[in-house]
$ cat upload-v5.txt   # compact mmCIF, C-alpha atoms and all ligand atoms
# COMPACT_ATOMS: atom_id res chain seq x y z
CA MET R 19 62.82 -55.38 -189.22
CA ARG R 20 61.91 -55.32 -185.54
CA ILE R 21 63.12 -58.10 -183.29
CA GLY R 22 62.78 -58.84 -179.60
CA LEU R 23 65.89 -59.83 -177.66
CA THR R 24 65.58 -61.77 -174.46
CA GLY R 25 67.34 -64.29 -172.26
CA GLY R 26 67.76 -65.30 -168.66
CA ILE R 27 69.93 -63.43 -166.24
CA GLY R 28 73.61 -63.90 -167.12
CA SER R 29 72.80 -65.37 -170.54
CA GLY R 30 74.73 -62.59 -172.25
CA LYS R 31 71.76 -60.55 -173.42
CA THR R 32 73.37 -57.20 -172.65
CA THR R 33 76.56 -58.27 -174.41
CA VAL R 34 74.59 -59.38 -177.48
CA ALA R 35 72.68 -56.09 -177.52
CA ARG R 36 76.01 -54.24 -177.58
CA LEU R 37 77.29 -56.48 -180.39
CA LEU R 38 74.08 -55.99 -182.38
CA GLN R 39 74.51 -52.25 -182.02
CA GLU R 40 78.10 -52.61 -183.21
CA ALA R 41 76.73 -54.49 -186.24
CA GLY R 42 74.42 -51.59 -187.12
CA ALA R 43 71.20 -52.28 -185.19
CA ALA R 44 69.31 -49.70 -183.16
CA ILE R 45 68.73 -50.91 -179.60
CA VAL R 46 65.64 -50.00 -177.59
CA ASP R 47 66.53 -50.81 -173.98
CA THR R 48 63.31 -51.29 -172.00
CA ASP R 49 65.17 -51.56 -168.67
CA ALA R 50 66.80 -48.19 -169.30
CA ILE R 51 63.40 -46.75 -170.21
CA ALA R 52 61.91 -48.13 -166.98
CA ARG R 53 64.73 -46.54 -165.00
CA SER R 54 64.32 -43.17 -166.69
CA LEU R 55 60.56 -43.21 -166.04
CA THR R 56 61.24 -43.63 -162.32
CA LEU R 57 63.98 -41.02 -161.90
CA ALA R 58 63.12 -37.71 -160.26
CA GLY R 59 60.72 -35.96 -162.62
CA GLY R 60 60.15 -39.20 -164.58
CA ALA R 61 56.79 -39.69 -166.26
CA ALA R 62 55.80 -42.53 -163.89
CA MET R 63 56.51 -40.65 -160.67
CA PRO R 64 53.22 -38.73 -160.24
CA ALA R 65 51.17 -41.95 -160.48
CA ILE R 66 53.59 -43.83 -158.20
CA ARG R 67 53.41 -41.09 -155.59
CA GLN R 68 49.64 -41.02 -155.82
CA GLN R 69 49.14 -44.78 -155.56
CA PHE R 70 51.96 -45.83 -153.25
CA GLY R 71 52.58 -42.70 -151.20
CA ALA R 72 55.61 -40.65 -150.23
CA ASP R 73 57.21 -43.66 -148.46
CA PHE R 74 58.21 -44.96 -151.88
CA ILE R 75 59.91 -41.76 -152.99
CA ALA R 76 63.61 -41.26 -152.23
CA PRO R 77 64.78 -37.87 -150.93
CA ASP R 78 65.89 -36.86 -154.43
CA GLY R 79 62.38 -37.46 -155.83
CA ALA R 80 63.18 -40.72 -157.65
CA LEU R 81 61.54 -44.08 -156.94
CA ASP R 82 62.98 -45.69 -153.79
CA ARG R 83 64.04 -48.84 -155.62
CA ASP R 84 65.08 -50.92 -152.63
CA HIS R 85 61.80 -50.25 -150.85
CA MET R 86 59.74 -50.94 -153.97
CA ARG R 87 61.72 -54.11 -154.81
CA ALA R 88 61.09 -55.49 -151.31
CA VAL R 89 57.36 -54.74 -151.46
CA ALA R 90 56.88 -55.90 -155.06
CA PHE R 91 58.65 -59.18 -154.25
CA SER R 92 56.43 -60.03 -151.28
CA ASP R 93 53.14 -58.44 -152.39
CA PRO R 94 51.96 -59.53 -155.89
CA PRO R 95 49.00 -57.09 -156.03
CA ALA R 96 51.38 -54.21 -155.32
CA ARG R 97 53.65 -55.45 -158.09
CA GLN R 98 50.68 -55.55 -160.45
CA ARG R 99 49.75 -51.99 -159.56
CA LEU R 100 53.30 -50.87 -160.26
CA GLU R 101 53.33 -52.76 -163.58
CA ALA R 102 49.98 -51.20 -164.54
CA ILE R 103 51.63 -47.80 -164.17
CA LEU R 104 54.94 -48.66 -165.82
CA HIS R 105 54.14 -51.04 -168.67
CA PRO R 106 52.03 -48.71 -170.86
CA LEU R 107 54.61 -45.94 -170.40
CA ILE R 108 57.50 -48.29 -171.25
CA THR R 109 55.70 -49.56 -174.36
CA ALA R 110 54.87 -46.07 -175.59
CA GLN R 111 58.43 -44.83 -175.09
CA ALA R 112 59.94 -47.96 -176.67
CA LEU R 113 57.73 -47.67 -179.76
CA ALA R 114 58.53 -43.97 -180.08
CA GLU R 115 62.25 -44.79 -180.01
CA ALA R 116 61.74 -47.52 -182.63
CA ASP R 117 59.81 -45.14 -184.88
CA ALA R 118 62.65 -42.63 -184.64
CA ALA R 119 65.36 -45.20 -185.47
CA VAL R 120 67.04 -45.03 -188.88
CA SER R 121 68.68 -48.46 -188.75
CA PRO R 122 67.28 -51.33 -190.87
CA LEU R 123 67.17 -53.46 -187.70
CA VAL R 124 65.53 -52.35 -184.46
CA VAL R 125 66.15 -54.57 -181.44
CA PHE R 126 63.83 -54.36 -178.44
CA ASP R 127 65.85 -55.52 -175.44
CA VAL R 128 63.12 -56.91 -173.20
CA PRO R 129 64.32 -59.03 -170.25
CA LEU R 130 60.79 -60.32 -169.53
CA LEU R 131 59.63 -60.69 -173.14
CA VAL R 132 58.41 -64.26 -172.66
CA GLU R 133 56.79 -63.54 -169.29
CA SER R 134 55.02 -60.34 -170.27
CA LYS R 135 53.66 -61.55 -173.64
CA ARG R 136 52.94 -57.95 -174.70
CA TRP R 137 55.93 -57.83 -176.99
CA ARG R 138 55.49 -60.91 -179.13
CA SER R 139 52.98 -59.27 -181.48
CA ARG R 140 55.11 -56.15 -181.84
CA VAL R 141 58.20 -57.88 -183.23
CA ALA R 142 58.80 -59.95 -186.34
CA ARG R 143 61.26 -62.31 -184.63
CA VAL R 144 62.28 -63.27 -181.11
CA LEU R 145 65.99 -63.87 -180.49
CA VAL R 146 66.71 -65.81 -177.30
CA ILE R 147 70.17 -65.85 -175.77
CA ASP R 148 70.60 -69.19 -174.09
CA CYS R 149 73.13 -70.85 -171.80
CA SER R 150 73.20 -73.48 -169.10
CA GLU R 151 72.13 -72.61 -165.58
CA GLN R 152 75.66 -73.30 -164.37
CA THR R 153 76.99 -70.68 -166.78
CA GLN R 154 74.38 -68.20 -165.54
CA ILE R 155 75.51 -68.87 -161.98
CA ASP R 156 79.21 -68.54 -162.84
CA ARG R 157 78.65 -65.22 -164.62
CA VAL R 158 76.23 -63.54 -162.22
CA LEU R 159 78.10 -64.42 -159.02
CA GLN R 160 81.02 -62.39 -160.36
CA ARG R 161 78.87 -59.26 -160.25
CA PRO R 162 79.27 -57.06 -157.20
CA GLY R 163 76.42 -57.41 -154.72
CA TRP R 164 75.16 -60.78 -155.98
CA THR R 165 74.90 -63.76 -153.63
CA ARG R 166 73.75 -67.27 -154.38
CA GLU R 167 70.55 -66.57 -152.46
CA ARG R 168 69.71 -63.44 -154.46
CA LEU R 169 70.48 -65.26 -157.71
CA ASP R 170 68.32 -68.28 -156.78
CA GLY R 171 65.44 -65.84 -156.12
CA ALA R 172 65.97 -64.15 -159.48
CA LEU R 173 66.19 -67.49 -161.32
CA ALA R 174 63.03 -68.78 -159.64
CA ALA R 175 61.13 -65.62 -160.63
CA GLN R 176 62.15 -65.94 -164.29
CA THR R 177 60.58 -68.20 -166.87
CA SER R 178 62.23 -71.55 -167.57
CA ARG R 179 64.88 -72.08 -170.20
CA GLN R 180 62.50 -74.37 -172.12
CA ALA R 181 59.65 -71.83 -172.11
CA ARG R 182 61.99 -69.17 -173.41
CA ARG R 183 63.35 -71.41 -176.15
CA ALA R 184 59.79 -72.39 -177.10
CA VAL R 185 58.93 -68.84 -178.21
CA ALA R 186 62.26 -68.25 -179.99
CA ASP R 187 62.56 -67.77 -183.72
CA ALA R 188 66.33 -67.91 -183.26
CA VAL R 189 68.37 -69.20 -180.33
CA LEU R 190 71.93 -68.06 -179.82
CA LEU R 191 73.72 -70.53 -177.57
CA ASN R 192 76.18 -68.41 -175.62
CA ASP R 193 77.95 -71.17 -173.77
CA GLY R 194 81.55 -72.28 -174.16
CA ILE R 195 82.21 -69.74 -176.89
CA THR R 196 84.55 -66.78 -176.79
CA LEU R 197 83.35 -63.21 -177.07
CA ASN R 198 84.86 -63.10 -180.56
CA GLU R 199 82.91 -66.17 -181.61
CA LEU R 200 79.79 -64.58 -180.14
CA ARG R 201 80.51 -61.40 -182.12
CA ASN R 202 80.72 -63.42 -185.35
CA GLU R 203 77.42 -65.17 -184.62
CA VAL R 204 75.77 -61.83 -183.90
CA ARG R 205 77.16 -60.32 -187.10
CA SER R 206 75.71 -63.06 -189.23
CA LEU R 207 72.31 -62.74 -187.52
CA ALA R 208 72.37 -58.97 -188.02
CA ALA R 209 73.25 -59.47 -191.68
CA ARG R 210 70.41 -61.93 -192.11
CA TRP R 211 68.05 -59.38 -190.56
CA GLY R 212 68.95 -56.40 -192.70
CA CYS R 213 72.35 -55.06 -191.63
CA GLU R 214 74.10 -56.39 -194.77
CA THR R 215 76.01 -53.21 -195.38
CA ILE R 216 78.06 -53.62 -192.21
CA THR R 217 81.40 -55.27 -192.92
CA ALA R 218 83.80 -56.64 -190.36
CA PRO R 219 86.81 -54.37 -189.67
P1 LIG N 1 72.77 -60.57 -169.12
O1 LIG N 1 72.56 -59.19 -169.68
O2 LIG N 1 72.07 -61.62 -169.92
O3 LIG N 1 72.48 -60.70 -167.67
P2 LIG N 1 75.58 -60.03 -169.70
O4 LIG N 1 75.59 -59.72 -171.15
O5 LIG N 1 75.73 -58.90 -168.74
O6 LIG N 1 74.32 -60.94 -169.29
O7 LIG N 1 76.75 -61.11 -169.45
C1 LIG N 1 77.09 -61.54 -168.16
C2 LIG N 1 78.60 -61.57 -168.03
O8 LIG N 1 79.11 -62.64 -168.82
C3 LIG N 1 79.29 -60.31 -168.52
O9 LIG N 1 80.37 -60.04 -167.67
C4 LIG N 1 79.78 -60.70 -169.91
O10 LIG N 1 80.94 -59.99 -170.29
C5 LIG N 1 80.08 -62.17 -169.74
N1 LIG N 1 79.92 -62.93 -170.98
C6 LIG N 1 78.80 -63.04 -171.73
N2 LIG N 1 79.02 -63.84 -172.79
C7 LIG N 1 80.30 -64.25 -172.72
C8 LIG N 1 81.14 -65.09 -173.55
N3 LIG N 1 80.69 -65.71 -174.65
N4 LIG N 1 82.43 -65.25 -173.17
C9 LIG N 1 82.88 -64.67 -172.05
N5 LIG N 1 82.16 -63.87 -171.23
C10 LIG N 1 80.88 -63.66 -171.56

$ encode --input "upload-v5.txt" --output "structure tokens" --more "lines below"
Ligand code: ADP
Amino acid sequence: MRIGLTGGIGSGKTTVARLLQEAGAAIVDTDAIARSLTLAGGAAMPAIRQQFGADFIAPDGALDRDHMRAVAFSDPPARQRLEAILHPLITAQALAEADAAVSPLVVFDVPLLVESKRWRSRVARVLVIDCSEQTQIDRVLQRPGWTRERLDGALAAQTSRQARRAVADAVLLNDGITLNELRNEVRSLAARWGCETITAP
């Protein structure tokens, strides 16, 4: 069984991915794949250098993330060019990792699953982690380096809570529950989706 995992920033998506892994699922982390593609020597770097120039390459040969983030934010065509380089490479790597997985449940952790639409047809179910915007704000502002302004920008760039819920086959409401309660919810979802052999310690 292949499922897609998504949710807004601060919804608890990363936490749920960890709990799914604990319950026996194999996690394919598309953000981690994107990062590895843009490290020095990463598979995306020759095309990035060719299309964007040496200004976008850090001294160590990796993508200059701060520079690229600033440009991609203010210049949609540049963002599209970057995505045209990255997305096919991310998809290929993610599918290769899924093919290599031995777990009965493979979870594609895709922050922009709803926005990108490429993933829906590749997974049997979409699991959305949901919480109120206030909870998102409370959680994210505790992270180092996050300001209200940066968070408002990130929230505005993401799809709405309703749009995300609309594509969900399952919604996990991660609001006002403890991490232990969340773990129990995740265990029962994992069991329903093929990880029956995993028993709670
Ligand atoms: P996301 O990956 O969706 O941005 P995270 O999984 O990183 O979100 O969660 C954001 C923060 O909120 C983390 O510090 C996490 O430990 C905390 N958190 C998530 N869910 C809960 C919960 N049910 N109870 C307490 N803290 C939580």

$ residues_near_ligand --input "upload-v5.txt" --ligand "ligand LIG 1 (chain N)" --cutoff "8 Å" --atoms "only C-alpha atoms and all ligand atoms" --output "ChimeraX atom specification"
/R:24-35,147,154,157-158,160-161,192-200

$ atom_distance --input "upload-v5.txt" --atom1 "CA of Val146 in chain R" --atom2 "CA of Leu130 in chain R"
11.2 Å

$ closest_residue --input "upload-v5.txt" --among "R:Gln152, R:Ser54, R:Thr48, R:Gln39" --to "Val128 in chain R" --atoms "all atoms listed in the file"
R:Thr48

$ atom_distance --input "upload-v5.txt" --atom1 "CA of Val120 in chain R" --atom2 "CA of Ile103 in chain R"
29.3 Å

$ closest_residue --input "upload-v5.txt" --among "R:Leu123, R:Ala110, R:Ala80, R:Leu55" --to "Glu214 in chain R" --atoms "all atoms listed in the file"
R:Leu123

$ atom_distance --input "upload-v5.txt" --atom1 "CA of Ala62 in chain R" --atom2 "CA of Leu107 in chain R"
7.4 Å

$ residues_around --input "upload-v5.txt" --residues "Phe126 in chain R" --least-positions-apart "2" --cutoff "10 Å" --atoms "only C-alpha atoms" --output "list in words"
Arg20, Ile21, Gly22, Leu23, Thr24, Ala35, Ala44, Ile45, Val46, Asp47, Thr48, Ala112, Leu113, Glu115, Ala116, Leu123, Val124, Val128, Pro129, Leu131, Trp137, Arg140, Val141, Val144 and Leu145 of chain R

$ write_last_selection --input "upload-v5.txt" --atoms "C-alpha atoms" --output "short mmCIF file (atom, residue, chain, number, x, y, z; two decimals), in the frame of the given file"
data_model
loop_
_atom_site.label_atom_id
_atom_site.label_comp_id
_atom_site.auth_asym_id
_atom_site.auth_seq_id
_atom_site.Cartn_x
_atom_site.Cartn_y
_atom_site.Cartn_z
CA ARG R 20 61.91 -55.32 -185.54
CA ILE R 21 63.12 -58.10 -183.29
CA GLY R 22 62.78 -58.84 -179.60
CA LEU R 23 65.89 -59.83 -177.66
CA THR R 24 65.58 -61.77 -174.46
CA ALA R 35 72.68 -56.09 -177.52
CA ALA R 44 69.31 -49.70 -183.16
CA ILE R 45 68.73 -50.91 -179.60
CA VAL R 46 65.64 -50.00 -177.59
CA ASP R 47 66.53 -50.81 -173.98
CA THR R 48 63.31 -51.29 -172.00
CA ALA R 112 59.94 -47.96 -176.67
CA LEU R 113 57.73 -47.67 -179.76
CA GLU R 115 62.25 -44.79 -180.01
CA ALA R 116 61.74 -47.52 -182.63
CA LEU R 123 67.17 -53.46 -187.70
CA VAL R 124 65.53 -52.35 -184.46
CA VAL R 128 63.12 -56.91 -173.20
CA PRO R 129 64.32 -59.03 -170.25
CA LEU R 131 59.63 -60.69 -173.14
CA TRP R 137 55.93 -57.83 -176.99
CA ARG R 140 55.11 -56.15 -181.84
CA VAL R 141 58.20 -57.88 -183.23
CA VAL R 144 62.28 -63.27 -181.11
CA LEU R 145 65.99 -63.87 -180.49
#

$ residues_near_point --input "upload-v5.txt" --point "(57.7, -42.7, -154.2)" --cutoff "7 Å" --atoms "all atoms listed in the file" --output "VMD selection string"
chain R and resid 63 66 to 67 70 to 76 80 to 82

$ closest_residue --input "upload-v5.txt" --among "R:Ala175, R:Val189, R:Val125, R:Ala102" --to "Ala208 in chain R" --atoms "all atoms listed in the file"
R:Val125

$ decode --input "upload-v5.txt" --residues "range 46-58 of chain R" --atoms "all heavy atoms" --output "PDB file, in the first residue's frame"
ATOM      1  N   VAL R  46       9.265   7.732   2.515  1.00  0.00           N
ATOM      2  CA  VAL R  46      10.014   8.351   1.417  1.00  0.00           C
ATOM      3  C   VAL R  46       9.855   9.863   1.591  1.00  0.00           C
ATOM      4  O   VAL R  46       8.756  10.405   1.427  1.00  0.00           O
ATOM      5  CB  VAL R  46       9.475   7.889   0.049  1.00  0.00           C
ATOM      6  CG1 VAL R  46      10.222   8.600  -1.069  1.00  0.00           C
ATOM      7  CG2 VAL R  46       9.599   6.374  -0.092  1.00  0.00           C
ATOM      8  N   ASP R  47      10.942  10.510   1.977  1.00  0.00           N
ATOM      9  CA  ASP R  47      10.908  11.929   2.371  1.00  0.00           C
ATOM     10  C   ASP R  47      11.320  12.792   1.174  1.00  0.00           C
ATOM     11  O   ASP R  47      12.504  12.910   0.857  1.00  0.00           O
ATOM     12  CB  ASP R  47      11.864  12.107   3.561  1.00  0.00           C
ATOM     13  CG  ASP R  47      11.915  13.541   4.073  1.00  0.00           C
ATOM     14  OD1 ASP R  47      11.465  14.459   3.360  1.00  0.00           O
ATOM     15  OD2 ASP R  47      12.421  13.732   5.190  1.00  0.00           O
ATOM     16  N   THR R  48      10.328  13.395   0.507  1.00  0.00           N
ATOM     17  CA  THR R  48      10.644  14.123  -0.731  1.00  0.00           C
ATOM     18  C   THR R  48      11.439  15.403  -0.463  1.00  0.00           C
ATOM     19  O   THR R  48      12.217  15.830  -1.317  1.00  0.00           O
ATOM     20  CB  THR R  48       9.374  14.453  -1.544  1.00  0.00           C
ATOM     21  OG1 THR R  48       8.494  15.240  -0.746  1.00  0.00           O
ATOM     22  CG2 THR R  48       8.691  13.189  -2.013  1.00  0.00           C
ATOM     23  N   ASP R  49      11.268  15.993   0.725  1.00  0.00           N
ATOM     24  CA  ASP R  49      12.091  17.169   1.075  1.00  0.00           C
ATOM     25  C   ASP R  49      13.557  16.772   1.196  1.00  0.00           C
ATOM     26  O   ASP R  49      14.450  17.484   0.730  1.00  0.00           O
ATOM     27  CB  ASP R  49      11.642  17.757   2.420  1.00  0.00           C
ATOM     28  CG  ASP R  49      10.757  18.980   2.232  1.00  0.00           C
ATOM     29  OD1 ASP R  49      10.552  19.383   1.068  1.00  0.00           O
ATOM     30  OD2 ASP R  49      10.291  19.519   3.250  1.00  0.00           O
ATOM     31  N   ALA R  50      13.796  15.640   1.840  1.00  0.00           N
ATOM     32  CA  ALA R  50      15.178  15.163   1.998  1.00  0.00           C
ATOM     33  C   ALA R  50      15.777  14.835   0.635  1.00  0.00           C
ATOM     34  O   ALA R  50      16.958  15.106   0.381  1.00  0.00           O
ATOM     35  CB  ALA R  50      15.210  13.940   2.916  1.00  0.00           C
ATOM     36  N   ILE R  51      14.954  14.266  -0.244  1.00  0.00           N
ATOM     37  CA  ILE R  51      15.443  13.965  -1.595  1.00  0.00           C
ATOM     38  C   ILE R  51      15.801  15.267  -2.306  1.00  0.00           C
ATOM     39  O   ILE R  51      16.871  15.377  -2.921  1.00  0.00           O
ATOM     40  CB  ILE R  51      14.387  13.166  -2.393  1.00  0.00           C
ATOM     41  CG1 ILE R  51      14.229  11.770  -1.802  1.00  0.00           C
ATOM     42  CG2 ILE R  51      14.761  13.088  -3.878  1.00  0.00           C
ATOM     43  CD1 ILE R  51      13.074  10.968  -2.379  1.00  0.00           C
ATOM     44  N   ALA R  52      14.928  16.275  -2.199  1.00  0.00           N
ATOM     45  CA  ALA R  52      15.203  17.569  -2.848  1.00  0.00           C
ATOM     46  C   ALA R  52      16.509  18.158  -2.324  1.00  0.00           C
ATOM     47  O   ALA R  52      17.310  18.701  -3.100  1.00  0.00           O
ATOM     48  CB  ALA R  52      14.045  18.532  -2.611  1.00  0.00           C
ATOM     49  N   ARG R  53      16.720  18.044  -1.013  1.00  0.00           N
ATOM     50  CA  ARG R  53      17.970  18.579  -0.446  1.00  0.00           C
ATOM     51  C   ARG R  53      19.176  17.824  -0.986  1.00  0.00           C
ATOM     52  O   ARG R  53      20.182  18.414  -1.359  1.00  0.00           O
ATOM     53  CB  ARG R  53      17.948  18.512   1.094  1.00  0.00           C
ATOM     54  CG  ARG R  53      17.252  19.698   1.743  1.00  0.00           C
ATOM     55  CD  ARG R  53      17.534  19.746   3.233  1.00  0.00           C
ATOM     56  NE  ARG R  53      17.130  18.537   3.935  1.00  0.00           N
ATOM     57  CZ  ARG R  53      15.892  18.282   4.341  1.00  0.00           C
ATOM     58  NH1 ARG R  53      14.940  19.166   4.132  1.00  0.00           N
ATOM     59  NH2 ARG R  53      15.594  17.155   4.962  1.00  0.00           N
ATOM     60  N   SER R  54      19.069  16.498  -1.056  1.00  0.00           N
ATOM     61  CA  SER R  54      20.236  15.719  -1.498  1.00  0.00           C
ATOM     62  C   SER R  54      20.544  15.994  -2.974  1.00  0.00           C
ATOM     63  O   SER R  54      21.709  15.987  -3.381  1.00  0.00           O
ATOM     64  CB  SER R  54      20.026  14.217  -1.246  1.00  0.00           C
ATOM     65  OG  SER R  54      19.106  13.698  -2.173  1.00  0.00           O
ATOM     66  N   LEU R  55      19.506  16.268  -3.762  1.00  0.00           N
ATOM     67  CA  LEU R  55      19.731  16.567  -5.187  1.00  0.00           C
ATOM     68  C   LEU R  55      20.481  17.875  -5.381  1.00  0.00           C
ATOM     69  O   LEU R  55      21.115  18.088  -6.417  1.00  0.00           O
ATOM     70  CB  LEU R  55      18.384  16.665  -5.921  1.00  0.00           C
ATOM     71  CG  LEU R  55      17.603  15.373  -6.093  1.00  0.00           C
ATOM     72  CD1 LEU R  55      16.194  15.681  -6.587  1.00  0.00           C
ATOM     73  CD2 LEU R  55      18.308  14.441  -7.068  1.00  0.00           C
ATOM     74  N   THR R  56      20.388  18.765  -4.373  1.00  0.00           N
ATOM     75  CA  THR R  56      20.974  20.096  -4.516  1.00  0.00           C
ATOM     76  C   THR R  56      22.194  20.294  -3.618  1.00  0.00           C
ATOM     77  O   THR R  56      22.642  21.418  -3.420  1.00  0.00           O
ATOM     78  CB  THR R  56      19.915  21.194  -4.232  1.00  0.00           C
ATOM     79  OG1 THR R  56      19.291  20.918  -2.967  1.00  0.00           O
ATOM     80  CG2 THR R  56      18.856  21.220  -5.312  1.00  0.00           C
ATOM     81  N   LEU R  57      22.701  19.208  -3.061  1.00  0.00           N
ATOM     82  CA  LEU R  57      24.002  19.279  -2.375  1.00  0.00           C
ATOM     83  C   LEU R  57      25.110  19.296  -3.432  1.00  0.00           C
ATOM     84  O   LEU R  57      24.858  19.018  -4.610  1.00  0.00           O
ATOM     85  CB  LEU R  57      24.197  18.058  -1.465  1.00  0.00           C
ATOM     86  CG  LEU R  57      23.321  18.000  -0.217  1.00  0.00           C
ATOM     87  CD1 LEU R  57      23.538  16.675   0.517  1.00  0.00           C
ATOM     88  CD2 LEU R  57      23.618  19.187   0.699  1.00  0.00           C
ATOM     89  N   ALA R  58      26.326  19.584  -2.989  1.00  0.00           N
ATOM     90  CA  ALA R  58      27.459  19.534  -3.924  1.00  0.00           C
ATOM     91  C   ALA R  58      27.503  18.152  -4.569  1.00  0.00           C
ATOM     92  O   ALA R  58      27.414  17.136  -3.878  1.00  0.00           O
ATOM     93  CB  ALA R  58      28.751  19.804  -3.167  1.00  0.00           C
TER      94      ALA R  58
END
